[in-house]
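Notes follow the structure.
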Amino acid sequence: MKLSLIQSLLSLFVFILVATAGCSQHSSQNNQVLLPSPSPPARVSNSAEVVKVQTTSVDIPVAGETAASIILSISPGYHVNANPATFPYLIATEVVQVPSPDDPIIMGEPVYPSSVKKEFAFSEQPLAVYEGDVAIKIPLRLAVHEKSYVKIKSGVHLSQPINVRVQACDDEKCFPPATLSTTLAVDVK
């Protein structure tokens, strides 16, 4: 008899634990369901895992100029060094045109956005960084070379390979730099 009473009390105790665990998912103050916290981010081994690059197509008149945008999407909790970087030994974010012989697209100097100054435990002074989504403007013009065998006409679709070098960091450490490759689509009008 004592054994069945103990088993009954133990079953009741387990039932109460299970029932109250389900109730703890609700806030008594505002009846909102509390979602479980997200799992910790996967282990990051290089900058390409937390920085993505995208472009949009641009129109350019024959023998004309335009500006394109390259968008860096930096994962929450991470940043990249700005251009210019705070110190010469830091790897600045850099956009570079991939060279091609007799390239009809000439890329001007990239226009980097203003940086955010942030303090980190590993630095004695605030560092210039980019976070979130960042747009880098790229001036473009079409080459007009008399000696060039490339003749550009309206209606032509061109693509320009671009490399973006970044070094991502979190609040404690920096990861190996990465070169992100993308292509600008250029429509001649």
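Labeling convention for the structure tokens: chains A, B, ... as they appear, residues from 1 per chain, ligands from 1 in order of appearance.
Around A:Leu142, within 7 Å and counting only C-alpha atoms, the residues found are Val62, Ala63, Gly64, Glu65, Pro104, Ile105 and Ile106 of chain A, once anything fewer than 3 positions away on its own chain is removed.
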Worksheet item: Which residues, written as a VMD selection string, have at least one atom at most 8 Å from A:Val129, with only C-alpha atoms counted and residues fewer than 5 positions away on the same chain left out?
Response: chain A and resid 79 to 82 85 115 to 118
Worksheet item: Taking only C-alpha atoms into account, which of A:Glu49, A:Glu94, A:Asp102, A:Glu119 comes nearest A:Lys137?
Response: A:Glu94
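From atom CA of A:Val156 back to atom CA of A:Thr179, the distance works out to 28.6 Å.
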Worksheet item: For the atom pair atom CA of A:Ser45 and atom CA of A:Pro177, what is the interatomic distance in Å to one decimal place?
Response: 10.0 Å
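Going from atom CA of A:Pro61 to atom CA of A:Lys189 covers 4.8 Å.
In this comparison, which uses only C-alpha atoms, the residue of A:Val188, A:Val53, A:Ile152, A:Ala48 approaching A:Tyr78 most closely is A:Ala48.
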Item to complete: Just the residues within 8 Å of A:Gln54, please, counting only C-alpha atoms, with nothing from its chain fewer than 2 positions along; format it as a ChimeraX atom specification.
Response: /A:52,56,70-72,182
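Residues in contact with A:Met107 at 10 Å, where only C-alpha atoms are counted and same-chain residues fewer than 3 positions away are skipped, are listed as Glu65, Thr66, Ala67, Ala68, Val96, Gln97, Val98, Pro104, Pro110, Ile138, Pro139, Leu140, Arg141, Leu142, Ala143, Gln160 and Ile162 of chain A.
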Save out the residues we just selected, N, CA and C atoms, as a tab-separated table (two decimals), in the first residue's frame.
```tsv
chain	number	residue	atom	x	y	z
A	65	GLU	N	28.34	58.30	-68.28
A	65	GLU	CA	28.74	57.93	-66.93
A	65	GLU	C	27.52	57.58	-66.09
A	66	THR	N	27.75	56.83	-65.02
A	66	THR	CA	26.70	56.50	-64.06
A	66	THR	C	27.37	56.10	-62.75
A	67	ALA	N	26.58	55.79	-61.78
A	67	ALA	CA	27.10	55.27	-60.50
A	67	ALA	C	26.35	54.00	-60.15
A	68	ALA	N	27.09	53.03	-59.70
A	68	ALA	CA	26.51	51.76	-59.26
A	68	ALA	C	26.67	51.67	-57.75
A	96	VAL	N	37.52	46.56	-55.61
A	96	VAL	CA	38.50	46.58	-56.68
A	96	VAL	C	37.88	46.03	-57.95
A	97	GLN	N	38.12	46.71	-59.07
A	97	GLN	CA	37.69	46.22	-60.37
A	97	GLN	C	38.62	45.10	-60.79
A	98	VAL	N	38.05	44.00	-61.26
A	98	VAL	CA	38.86	42.89	-61.75
A	98	VAL	C	39.36	43.29	-63.14
A	104	PRO	N	35.71	47.67	-71.56
A	104	PRO	CA	34.95	48.86	-71.96
A	104	PRO	C	34.41	49.67	-70.78
A	110	PRO	N	36.01	54.24	-55.63
A	110	PRO	CA	34.82	53.96	-54.85
A	110	PRO	C	34.57	55.05	-53.80
A	138	ILE	N	30.01	53.30	-56.70
A	138	ILE	CA	31.08	53.08	-57.67
A	138	ILE	C	30.80	53.91	-58.92
A	139	PRO	N	31.60	54.97	-59.19
A	139	PRO	CA	31.43	55.71	-60.45
A	139	PRO	C	31.89	54.85	-61.63
A	140	LEU	N	31.08	54.83	-62.67
A	140	LEU	CA	31.42	54.05	-63.88
A	140	LEU	C	31.30	54.93	-65.11
A	141	ARG	N	32.16	54.66	-66.07
A	141	ARG	CA	32.01	55.30	-67.38
A	141	ARG	C	32.44	54.30	-68.44
A	142	LEU	N	31.93	54.52	-69.64
A	142	LEU	CA	32.30	53.64	-70.75
A	142	LEU	C	33.52	54.21	-71.44
A	143	ALA	N	34.44	53.32	-71.77
A	143	ALA	CA	35.67	53.72	-72.44
A	143	ALA	C	35.38	54.04	-73.90
A	160	GLN	N	30.60	43.59	-65.31
A	160	GLN	CA	31.90	43.97	-64.78
A	160	GLN	C	32.17	43.21	-63.50
A	162	ILE	N	33.78	42.42	-60.01
A	162	ILE	CA	34.25	43.26	-58.91
A	162	ILE	C	34.64	42.35	-57.75
```
Discussion item. List as an NGL selection string the protein and nucleic acid residues near A:Gly132, meaning an atom at most 7 Å away when only C-alpha atoms are counted, but skip any in the same chain fewer than 3 places from it.
Written reply: :A and (73-76)
Worksheet item: Residues of stretch 74-152 of chain A in strand (DSSP E) according to DSSP, as a PyMOL selection string?
Response: chain A and resi 74+79-81+94-97+105-107+116-118+127-130+133-142
